[in-house]
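K.L.:
So that we are looking at the same thing, I have put the structure below in structure tokens.
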Amino acid sequence: MGHLSRIGVAIDSELLQQFDLFIAGQGYENRSEAFRDLIRERLVSTAVAAPNMDVVGTVTLVYDHHVRLLSEKLTDIQHHHHALIISTIHSHLDHDTCLEVVVVKGKSGPVQKLADLLISCKGVRHGRLVLSAPSLNRPSGKPPTHK
């Protein structure tokens, strides 16, 4: 982390009271870390919208495995986009329902298209793409370390 800078922020008292209740419920010990997390979240969500941004993330799918050929279609899509996929976790939730988490890495545009293909398959009950931009979490000027 770089040098800390102190800033002053004017916030409506009622909004601040709601914020304090929220962060207490989340387990934050102080406002500063909560503000830093909000800022990071906004920076990441803006950055990952750029189609050429390097991203990592997950595509979470909940689906009915009884839908004809759905499992095969999801697998085919993943094989076709294997360069974007790091790993896949598959769990059986009940007799009818599966949970699949696809761990992805690549440029934001192609990763988003892969997620859209998977989520839009008939029989997928719910799907969500969650992305992060690891380069934003690295101190500026420092290259990534590989171990």
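Quick note on naming: the chains in the structure tokens go A, B, ... in the order shown, residues restart at 1 in each chain, and ligands are numbered from 1 in order of appearance.
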Pull the alpha helix (DSSP H) assignments for chain A out of DSSP run on the backbone, and list those residues as a PyMOL selection string.
P.N.:
chain A and resi 13-26+31-47+70-80+108-119
K.L.:
Extract the full set of strand (DSSP E or B) residues from chain A according to DSSP on the backbone, and format it as an NGL selection string.
P.N.:
:A and (54-64 or 85-92 or 97-107 or 124-132)
K.L.:
Grab the atom CA of Gly57 of chain A to atom CA of Val124 of chain A distance for me, in Å with one decimal place.
P.N.:
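Calculated distance between atom CA of Gly57 of chain A and atom CA of Val124 of chain A is 19.0 Å.
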K.L.:
Quick one: of A:Gln18, A:Ser32, A:Ser135, A:Thr88, who's nearest to Met53 of chain A, counting only C-alpha atoms?
P.N.:
A:Ser135
K.L.:
For segment 121-123 of chain A, list every protein, DNA or RNA residue within 6 Å, evaluated using only C-alpha atoms, and leave out those in the same chain fewer than 6 positions away; present the list as a ChimeraX atom specification.
P.N.:
/A:63-64,67
K.L.:
Keeping only C-alpha atoms, write the selected residues to a file as a PDB file, in the first residue's frame.
P.N.:
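Resulting contents of result-v1.pdb:
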```pdb
ATOM      1  CA  TYR A  63     -29.499 -25.581 -13.953  1.00  0.00           C
ATOM      2  CA  ASP A  64     -31.883 -28.487 -14.398  1.00  0.00           C
ATOM      3  CA  VAL A  67     -33.200 -30.666 -19.708  1.00  0.00           C
TER       4      VAL A  67
END
```
K.L.:
Which residues are close to Leu136 of chain A, i.e. within 9 Å by only C-alpha atoms, leaving aside same-chain residues fewer than 4 positions away? Reply as a list in words.
P.N.:
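The filter keeps Arg40, Leu43, Val44, Ala47, Ser132 and Ser140 of chain A.
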K.L.:
What is the distance between atom CA of Thr60 of chain A and atom CA of His95 of chain A, in Å to one decimal?
P.N.:
18.9 Å
K.L.:
What lies within 10 Å of His92 of chain A using only C-alpha atoms, ignoring chain neighbours under 5 positions off, as a ChimeraX atom specification?
P.N.:
/A:62-63,65,97-100
K.L.:
Would you mind exporting the chosen residues as a compact mmCIF listing (two decimals), in the first residue's frame, restricted to N, CA and C atoms?
P.N.:
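Dumped everything to again.txt:
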```txt
# COMPACT_ATOMS: atom_id res chain seq x y z
N VAL A 62 -26.81 -22.34 -12.22
CA VAL A 62 -27.69 -23.29 -11.56
C VAL A 62 -28.64 -23.77 -12.64
N TYR A 63 -28.69 -25.09 -12.84
CA TYR A 63 -29.50 -25.58 -13.95
C TYR A 63 -30.13 -26.93 -13.66
N HIS A 65 -30.57 -30.50 -14.68
CA HIS A 65 -29.79 -31.44 -15.49
C HIS A 65 -30.68 -32.40 -16.28
N THR A 97 -31.21 -30.61 -9.78
CA THR A 97 -30.48 -29.35 -9.92
C THR A 97 -28.98 -29.52 -9.76
N CYS A 98 -28.25 -28.87 -10.66
CA CYS A 98 -26.79 -28.85 -10.59
C CYS A 98 -26.30 -27.41 -10.42
N LEU A 99 -25.17 -27.29 -9.78
CA LEU A 99 -24.47 -26.01 -9.66
C LEU A 99 -23.14 -26.19 -10.36
N GLU A 100 -22.81 -25.27 -11.25
CA GLU A 100 -21.52 -25.32 -11.92
C GLU A 100 -20.88 -23.96 -11.79
```
K.L.:
One number please: atom CA of Glu33 of chain A to atom CA of Phe19 of chain A, in Å, one decimal.
P.N.:
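It comes out at 12.6 Å.
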K.L.:
Neighbouring residues of segment 103-108 of chain A were defined as those with any atom within 6 Å, considering only C-alpha atoms; residues of the same chain fewer than 6 positions away were excluded. Please report them as a ChimeraX atom specification.
P.N.:
/A:51-58,84-87
